[in-house]
>>> print(open('target-v1.txt').read())   # compact mmCIF, N, CA and C atoms
# COMPACT_ATOMS: atom_id res chain seq x y z
N MET M 1 129.22 -25.40 -43.48
CA MET M 1 130.46 -24.66 -43.64
C MET M 1 130.26 -23.56 -44.67
N SER M 2 130.63 -22.36 -44.33
CA SER M 2 130.50 -21.23 -45.23
C SER M 2 131.84 -20.94 -45.89
N LEU M 3 131.77 -20.55 -47.14
CA LEU M 3 133.00 -20.17 -47.83
C LEU M 3 133.46 -18.76 -47.45
N TRP M 4 132.57 -17.98 -46.88
CA TRP M 4 132.92 -16.60 -46.54
C TRP M 4 133.51 -16.61 -45.15
N ASP M 5 134.79 -16.85 -45.06
CA ASP M 5 135.51 -16.90 -43.80
C ASP M 5 136.66 -15.90 -43.90
N PRO M 6 137.52 -15.82 -42.91
CA PRO M 6 138.63 -14.85 -42.98
C PRO M 6 139.50 -14.99 -44.23
N VAL M 7 139.68 -16.21 -44.71
CA VAL M 7 140.47 -16.40 -45.94
C VAL M 7 139.77 -15.73 -47.11
N MET M 8 138.46 -15.96 -47.22
CA MET M 8 137.69 -15.36 -48.31
C MET M 8 137.67 -13.84 -48.19
N GLU M 9 137.55 -13.36 -46.95
CA GLU M 9 137.52 -11.92 -46.74
C GLU M 9 138.83 -11.30 -47.20
N ALA M 10 139.94 -11.99 -46.95
CA ALA M 10 141.24 -11.49 -47.37
C ALA M 10 141.35 -11.43 -48.89
N LEU M 11 140.72 -12.39 -49.58
CA LEU M 11 140.76 -12.40 -51.03
C LEU M 11 139.86 -11.32 -51.63
N ALA M 12 138.82 -10.92 -50.90
CA ALA M 12 137.85 -9.89 -51.30
C ALA M 12 136.96 -10.32 -52.45
N VAL M 13 137.54 -10.90 -53.49
CA VAL M 13 136.72 -11.36 -54.61
C VAL M 13 137.12 -12.79 -54.94
N PHE M 14 136.14 -13.66 -54.97
CA PHE M 14 136.37 -15.08 -55.28
C PHE M 14 135.49 -15.40 -56.48
N VAL M 15 136.10 -15.81 -57.56
CA VAL M 15 135.33 -16.04 -58.78
C VAL M 15 135.55 -17.47 -59.27
N ILE M 16 134.44 -18.16 -59.55
CA ILE M 16 134.51 -19.45 -60.24
C ILE M 16 134.00 -19.19 -61.64
N LYS M 17 134.84 -19.37 -62.61
CA LYS M 17 134.44 -19.14 -64.01
C LYS M 17 133.84 -20.41 -64.57
N GLY M 18 132.85 -20.22 -65.39
CA GLY M 18 132.19 -21.35 -66.02
C GLY M 18 132.99 -21.90 -67.18
N GLU M 19 132.56 -23.04 -67.63
CA GLU M 19 133.20 -23.66 -68.79
C GLU M 19 132.87 -22.86 -70.04
N GLU M 20 133.82 -22.82 -70.95
CA GLU M 20 133.60 -22.15 -72.23
C GLU M 20 133.08 -23.17 -73.23
N PHE M 21 132.11 -22.78 -74.01
CA PHE M 21 131.57 -23.65 -75.04
C PHE M 21 132.17 -23.27 -76.38
N ALA M 22 132.50 -24.26 -77.17
CA ALA M 22 133.05 -24.01 -78.50
C ALA M 22 131.94 -23.43 -79.39
N PRO M 23 132.25 -22.39 -80.12
CA PRO M 23 131.23 -21.82 -81.00
C PRO M 23 130.92 -22.76 -82.17
N THR M 24 129.72 -22.62 -82.67
CA THR M 24 129.31 -23.39 -83.83
C THR M 24 129.30 -22.46 -85.03
N VAL M 25 129.79 -22.92 -86.14
CA VAL M 25 129.87 -22.11 -87.35
C VAL M 25 128.86 -22.63 -88.37
N PHE M 26 128.07 -21.72 -88.90
CA PHE M 26 127.12 -22.06 -89.95
C PHE M 26 127.60 -21.41 -91.25
N GLN M 27 127.56 -22.16 -92.31
CA GLN M 27 127.86 -21.60 -93.62
C GLN M 27 126.63 -21.76 -94.49
N LEU M 28 126.17 -20.65 -95.01
CA LEU M 28 125.00 -20.66 -95.87
C LEU M 28 125.43 -20.34 -97.29
N CYS M 29 124.98 -21.13 -98.22
CA CYS M 29 125.33 -20.94 -99.62
C CYS M 29 124.06 -20.74 -100.44
N ALA M 30 124.17 -19.94 -101.45
CA ALA M 30 123.04 -19.73 -102.35
C ALA M 30 123.58 -19.26 -103.70
N GLU M 31 122.72 -19.28 -104.67
CA GLU M 31 123.14 -18.86 -106.00
C GLU M 31 123.36 -17.36 -106.09
N ILE M 32 122.61 -16.59 -105.27
CA ILE M 32 122.79 -15.14 -105.29
C ILE M 32 122.90 -14.62 -103.86
N PRO M 33 123.67 -13.55 -103.63
CA PRO M 33 123.87 -13.02 -102.27
C PRO M 33 122.56 -12.62 -101.58
N GLN M 34 121.58 -12.17 -102.33
CA GLN M 34 120.31 -11.75 -101.73
C GLN M 34 119.60 -12.94 -101.04
N ALA M 35 119.76 -14.12 -101.58
CA ALA M 35 119.14 -15.30 -100.99
C ALA M 35 119.76 -15.61 -99.62
N VAL M 36 121.07 -15.42 -99.49
CA VAL M 36 121.74 -15.65 -98.21
C VAL M 36 121.30 -14.59 -97.20
N SER M 37 121.17 -13.35 -97.64
CA SER M 37 120.78 -12.28 -96.72
C SER M 37 119.36 -12.47 -96.18
N ARG M 38 118.53 -13.26 -96.86
CA ARG M 38 117.17 -13.51 -96.39
C ARG M 38 117.11 -14.60 -95.32
N THR M 39 118.25 -15.13 -94.93
CA THR M 39 118.27 -16.21 -93.92
C THR M 39 118.56 -15.68 -92.51
N HIS M 40 118.36 -14.40 -92.28
CA HIS M 40 118.62 -13.82 -90.96
C HIS M 40 117.76 -14.46 -89.87
N TRP M 41 116.67 -15.09 -90.27
CA TRP M 41 115.79 -15.75 -89.30
C TRP M 41 116.52 -16.88 -88.56
N VAL M 42 117.54 -17.48 -89.20
CA VAL M 42 118.30 -18.54 -88.54
C VAL M 42 119.05 -17.96 -87.34
N GLU M 43 119.70 -16.82 -87.54
CA GLU M 43 120.42 -16.16 -86.45
C GLU M 43 119.45 -15.77 -85.33
N ASN M 44 118.30 -15.22 -85.69
CA ASN M 44 117.29 -14.84 -84.69
C ASN M 44 116.84 -16.05 -83.88
N LEU M 45 116.64 -17.16 -84.53
CA LEU M 45 116.20 -18.38 -83.85
C LEU M 45 117.24 -18.85 -82.84
N ILE M 46 118.49 -18.80 -83.24
CA ILE M 46 119.58 -19.21 -82.34
C ILE M 46 119.68 -18.25 -81.15
N MET M 47 119.59 -16.97 -81.40
CA MET M 47 119.71 -15.98 -80.33
C MET M 47 118.55 -16.07 -79.34
N LYS M 48 117.37 -16.42 -79.81
CA LYS M 48 116.21 -16.55 -78.91
C LYS M 48 116.39 -17.71 -77.95
N GLU M 49 117.16 -18.70 -78.33
CA GLU M 49 117.34 -19.88 -77.49
C GLU M 49 118.40 -19.64 -76.40
N GLN M 50 119.14 -18.53 -76.49
CA GLN M 50 120.18 -18.21 -75.51
C GLN M 50 119.64 -17.17 -74.53
N THR M 51 120.02 -17.32 -73.26
CA THR M 51 119.60 -16.33 -72.27
C THR M 51 120.66 -16.19 -71.19
N GLU M 52 120.52 -15.13 -70.43
CA GLU M 52 121.42 -14.85 -69.32
C GLU M 52 120.58 -14.41 -68.13
N ARG M 53 120.96 -14.87 -66.96
CA ARG M 53 120.28 -14.47 -65.72
C ARG M 53 121.35 -14.16 -64.69
N ILE M 54 121.10 -13.15 -63.87
CA ILE M 54 121.99 -12.82 -62.78
C ILE M 54 121.22 -12.93 -61.48
N ILE M 55 121.77 -13.68 -60.55
CA ILE M 55 121.19 -13.82 -59.22
C ILE M 55 122.11 -13.07 -58.27
N LYS M 56 121.60 -12.02 -57.65
CA LYS M 56 122.40 -11.23 -56.73
C LYS M 56 121.75 -11.30 -55.35
N ASP M 57 122.51 -11.82 -54.38
CA ASP M 57 121.98 -11.99 -53.04
C ASP M 57 123.15 -12.08 -52.07
N PRO M 58 123.08 -11.38 -50.94
CA PRO M 58 124.19 -11.45 -49.98
C PRO M 58 124.41 -12.86 -49.41
N HIS M 59 123.39 -13.71 -49.43
CA HIS M 59 123.52 -15.05 -48.88
C HIS M 59 124.25 -16.01 -49.82
N ILE M 60 124.54 -15.58 -51.02
CA ILE M 60 125.35 -16.41 -51.93
C ILE M 60 126.71 -16.66 -51.31
N SER M 61 127.22 -15.69 -50.56
CA SER M 61 128.54 -15.85 -49.92
C SER M 61 128.51 -16.93 -48.85
N GLN M 62 127.32 -17.43 -48.48
CA GLN M 62 127.19 -18.47 -47.46
C GLN M 62 127.09 -19.87 -48.05
N LEU M 63 127.21 -19.99 -49.38
CA LEU M 63 127.11 -21.30 -50.01
C LEU M 63 128.20 -22.23 -49.48
N SER M 64 127.83 -23.47 -49.27
CA SER M 64 128.76 -24.45 -48.72
C SER M 64 129.60 -25.09 -49.82
N LYS M 65 130.56 -25.88 -49.42
CA LYS M 65 131.38 -26.62 -50.38
C LYS M 65 130.50 -27.57 -51.19
N ALA M 66 129.52 -28.20 -50.52
CA ALA M 66 128.59 -29.11 -51.22
C ALA M 66 127.77 -28.34 -52.27
N ASP M 67 127.38 -27.10 -51.93
CA ASP M 67 126.63 -26.27 -52.89
C ASP M 67 127.49 -25.97 -54.12
N LEU M 68 128.76 -25.64 -53.89
CA LEU M 68 129.66 -25.33 -55.00
C LEU M 68 129.88 -26.56 -55.87
N GLU M 69 129.96 -27.72 -55.26
CA GLU M 69 130.10 -28.96 -56.03
C GLU M 69 128.84 -29.20 -56.87
N GLN M 70 127.67 -28.86 -56.31
CA GLN M 70 126.43 -29.01 -57.05
C GLN M 70 126.40 -28.03 -58.24
N LEU M 71 126.94 -26.83 -58.06
CA LEU M 71 127.02 -25.87 -59.17
C LEU M 71 127.89 -26.44 -60.29
N GLN M 72 129.02 -27.02 -59.92
CA GLN M 72 129.91 -27.60 -60.93
C GLN M 72 129.25 -28.77 -61.64
N THR M 73 128.49 -29.57 -60.91
CA THR M 73 127.77 -30.70 -61.51
C THR M 73 126.72 -30.19 -62.49
N MET M 74 125.97 -29.17 -62.09
CA MET M 74 124.96 -28.59 -62.99
C MET M 74 125.61 -28.08 -64.27
N GLN M 75 126.76 -27.45 -64.12
CA GLN M 75 127.45 -26.90 -65.28
C GLN M 75 127.87 -28.00 -66.25
N ARG M 76 128.25 -29.15 -65.71
CA ARG M 76 128.64 -30.27 -66.56
C ARG M 76 127.43 -30.92 -67.22
N GLU M 77 126.31 -31.01 -66.49
CA GLU M 77 125.14 -31.74 -66.98
C GLU M 77 124.20 -30.90 -67.84
N LEU M 78 124.18 -29.60 -67.62
CA LEU M 78 123.30 -28.71 -68.37
C LEU M 78 124.14 -27.89 -69.36
N THR M 79 123.49 -27.35 -70.37
CA THR M 79 124.19 -26.45 -71.29
C THR M 79 124.09 -25.05 -70.71
N VAL M 80 124.88 -24.84 -69.65
CA VAL M 80 124.86 -23.56 -68.95
C VAL M 80 126.25 -23.26 -68.41
N ARG M 81 126.60 -22.00 -68.48
CA ARG M 81 127.87 -21.52 -67.92
C ARG M 81 127.51 -20.79 -66.64
N ILE M 82 128.15 -21.18 -65.54
CA ILE M 82 127.88 -20.59 -64.23
C ILE M 82 129.12 -19.83 -63.78
N ARG M 83 128.95 -18.54 -63.56
CA ARG M 83 130.05 -17.71 -63.06
C ARG M 83 129.65 -17.21 -61.67
N LEU M 84 130.43 -17.57 -60.68
CA LEU M 84 130.16 -17.24 -59.29
C LEU M 84 131.16 -16.20 -58.82
N GLU M 85 130.66 -15.11 -58.27
CA GLU M 85 131.53 -14.07 -57.71
C GLU M 85 131.16 -13.89 -56.24
N MET M 86 132.07 -14.32 -55.37
CA MET M 86 131.87 -14.18 -53.93
C MET M 86 132.47 -12.85 -53.50
N LYS M 87 131.60 -11.87 -53.22
CA LYS M 87 132.06 -10.55 -52.79
C LYS M 87 131.26 -10.10 -51.57
N GLY M 88 131.11 -11.00 -50.60
CA GLY M 88 130.36 -10.67 -49.39
C GLY M 88 128.93 -10.31 -49.73
N PRO M 89 128.46 -9.14 -49.29
CA PRO M 89 127.07 -8.76 -49.55
C PRO M 89 126.76 -8.47 -51.02
N ASP M 90 127.79 -8.30 -51.84
CA ASP M 90 127.60 -8.04 -53.27
C ASP M 90 127.82 -9.30 -54.12
N SER M 91 127.73 -10.47 -53.51
CA SER M 91 127.95 -11.72 -54.23
C SER M 91 126.88 -11.93 -55.29
N LEU M 92 127.29 -12.58 -56.39
CA LEU M 92 126.33 -12.85 -57.46
C LEU M 92 126.71 -14.11 -58.21
N ILE M 93 125.70 -14.62 -58.91
CA ILE M 93 125.89 -15.77 -59.79
C ILE M 93 125.31 -15.38 -61.14
N CYS M 94 126.11 -15.52 -62.19
CA CYS M 94 125.67 -15.22 -63.55
C CYS M 94 125.50 -16.55 -64.29
N LEU M 95 124.34 -16.73 -64.89
CA LEU M 95 124.03 -17.93 -65.65
C LEU M 95 123.88 -17.56 -67.12
N GLU M 96 124.51 -18.32 -68.00
CA GLU M 96 124.40 -18.10 -69.44
C GLU M 96 124.26 -19.45 -70.13
N GLY M 97 123.41 -19.51 -71.15
CA GLY M 97 123.29 -20.75 -71.90
C GLY M 97 121.92 -20.91 -72.51
N LEU M 98 121.57 -22.17 -72.79
CA LEU M 98 120.26 -22.47 -73.37
C LEU M 98 119.18 -22.08 -72.37
N SER M 99 118.13 -21.45 -72.87
CA SER M 99 117.07 -20.93 -72.00
C SER M 99 116.55 -21.96 -71.01
N ARG M 100 116.23 -23.15 -71.48
CA ARG M 100 115.65 -24.16 -70.59
C ARG M 100 116.62 -24.54 -69.48
N ASP M 101 117.92 -24.63 -69.80
CA ASP M 101 118.91 -25.01 -68.80
C ASP M 101 119.18 -23.87 -67.82
N VAL M 102 119.18 -22.64 -68.31
CA VAL M 102 119.37 -21.48 -67.44
C VAL M 102 118.21 -21.41 -66.43
N LEU M 103 116.99 -21.63 -66.90
CA LEU M 103 115.83 -21.60 -66.00
C LEU M 103 115.90 -22.72 -64.96
N THR M 104 116.33 -23.90 -65.37
CA THR M 104 116.49 -25.02 -64.44
C THR M 104 117.53 -24.68 -63.37
N ALA M 105 118.70 -24.21 -63.81
CA ALA M 105 119.77 -23.87 -62.88
C ALA M 105 119.34 -22.73 -61.95
N ASP M 106 118.63 -21.74 -62.50
CA ASP M 106 118.17 -20.60 -61.72
C ASP M 106 117.29 -21.07 -60.56
N GLY M 107 116.36 -21.97 -60.83
CA GLY M 107 115.48 -22.48 -59.78
C GLY M 107 116.24 -23.22 -58.69
N ILE M 108 117.17 -24.06 -59.09
CA ILE M 108 117.96 -24.84 -58.14
C ILE M 108 118.82 -23.92 -57.27
N ILE M 109 119.45 -22.93 -57.90
CA ILE M 109 120.33 -22.01 -57.16
C ILE M 109 119.52 -21.14 -56.21
N ARG M 110 118.36 -20.67 -56.65
CA ARG M 110 117.52 -19.87 -55.75
C ARG M 110 117.09 -20.68 -54.53
N ASP M 111 116.82 -21.97 -54.72
CA ASP M 111 116.49 -22.84 -53.58
C ASP M 111 117.67 -22.95 -52.63
N MET M 112 118.90 -23.05 -53.17
CA MET M 112 120.10 -23.10 -52.33
C MET M 112 120.22 -21.84 -51.49
N VAL M 113 120.01 -20.70 -52.14
CA VAL M 113 120.16 -19.41 -51.46
C VAL M 113 119.10 -19.27 -50.36
N VAL M 114 117.87 -19.68 -50.64
CA VAL M 114 116.80 -19.63 -49.63
C VAL M 114 117.20 -20.50 -48.43
N GLU M 115 117.77 -21.66 -48.70
CA GLU M 115 118.21 -22.55 -47.63
C GLU M 115 119.28 -21.88 -46.77
N ARG M 116 120.20 -21.16 -47.41
CA ARG M 116 121.25 -20.45 -46.66
C ARG M 116 120.64 -19.33 -45.82
N LYS M 117 119.63 -18.63 -46.36
CA LYS M 117 118.96 -17.56 -45.61
C LYS M 117 118.31 -18.14 -44.36
N GLU M 118 117.66 -19.29 -44.51
CA GLU M 118 116.98 -19.94 -43.38
C GLU M 118 117.98 -20.43 -42.34
N ASN M 119 119.17 -20.85 -42.77
CA ASN M 119 120.20 -21.32 -41.85
C ASN M 119 120.78 -20.17 -41.03
N VAL M 120 120.78 -18.96 -41.61
CA VAL M 120 121.33 -17.79 -40.93
C VAL M 120 120.40 -17.34 -39.80
N ARG M 121 119.10 -17.52 -39.99
CA ARG M 121 118.11 -17.05 -38.99
C ARG M 121 118.16 -17.82 -37.74
>>> encode(input="target-v1.txt", output="structure tokens")
Amino acid sequence: MSLWDPVMEALAVFVIKGEEFAPTVFQLCAEIPQAVSRTHWVENLIMKEQTERIIKDPHISQLSKADLEQLQTMQRELTVRIRLEMKGPDSLICLEGLSRDVLTADGIIRDMVVERKENVR
């Protein structure tokens, strides 16, 4: 079953927004302000662990209900936010989160899309 049917075509854009993660707050204290300013490496370390990937493929619009349920399950089990935009040939999936989880989700989703391409042929 494809989600891209007359109902979806009428909507033109179908978006599943990912879960929002609560931000973490770090407080650094030191005897002098210069000591705190030298801790920028902590921010760099955190930013390196975050990544974003966009998968753009016209066959994303052919994902089944079971595929969408699998996306929701991945989002719950991995530290990743999955945003799905069904726009026919311009459909895309945006992944954001911890690098290792984004890479895991990316591989699984690309396999789903390949399966949809093979089903179309």
>>> select_by_dssp(input="target-v1.txt", residues="segment 2-117 of chain M", states="alpha helix (DSSP H)", output="PyMOL selection string")
chain M and resi 6-11+33-37+40-48+65-77+99-117
>>> closest_atom_pairs(input="target-v1.txt", of="segment 22-69 of chain M", to="segment 102-112 of chain M", cutoff="8 Å", atoms="all atoms listed in the file", output="JSON lines")
{"residue": "M:Thr51", "atom": "C", "partner": "M:Val102", "partner_atom": "CA", "distance": 6.6}
{"residue": "M:Glu52", "atom": "N", "partner": "M:Val102", "partner_atom": "CA", "distance": 7.1}
{"residue": "M:Arg53", "atom": "N", "partner": "M:Val102", "partner_atom": "CA", "distance": 6.8}
{"residue": "M:Ile55", "atom": "CA", "partner": "M:Asp106", "partner_atom": "CA", "distance": 7.8}
{"residue": "M:His59", "atom": "C", "partner": "M:Met112", "partner_atom": "C", "distance": 7.3}
{"residue": "M:Ile60", "atom": "CA", "partner": "M:Met112", "partner_atom": "C", "distance": 7.5}
{"residue": "M:Gln62", "atom": "C", "partner": "M:Met112", "partner_atom": "C", "distance": 7.9}
{"residue": "M:Leu63", "atom": "CA", "partner": "M:Met112", "partner_atom": "C", "distance": 7.1}
{"residue": "M:Asp67", "atom": "CA", "partner": "M:Met112", "partner_atom": "CA", "distance": 7.3}
>>> atom_distance(input="target-v1.txt", atom1="atom CA of Gln50 of chain M", atom2="atom CA of Leu95 of chain M")
10.6 Å
>>> closest_residue(input="target-v1.txt", among="M:Val120, M:Asp57, M:Ala66, M:Val114", to="Gly88 of chain M", atoms="all atoms listed in the file")
M:Asp57
>>> residues_around(input="target-v1.txt", residues="segment 72-79 of chain M", least_positions_apart="4", cutoff="6.5 Å", atoms="only N, CA and C atoms", output="PyMOL selection string")
chain M and resi 67-68+96-98+101-102
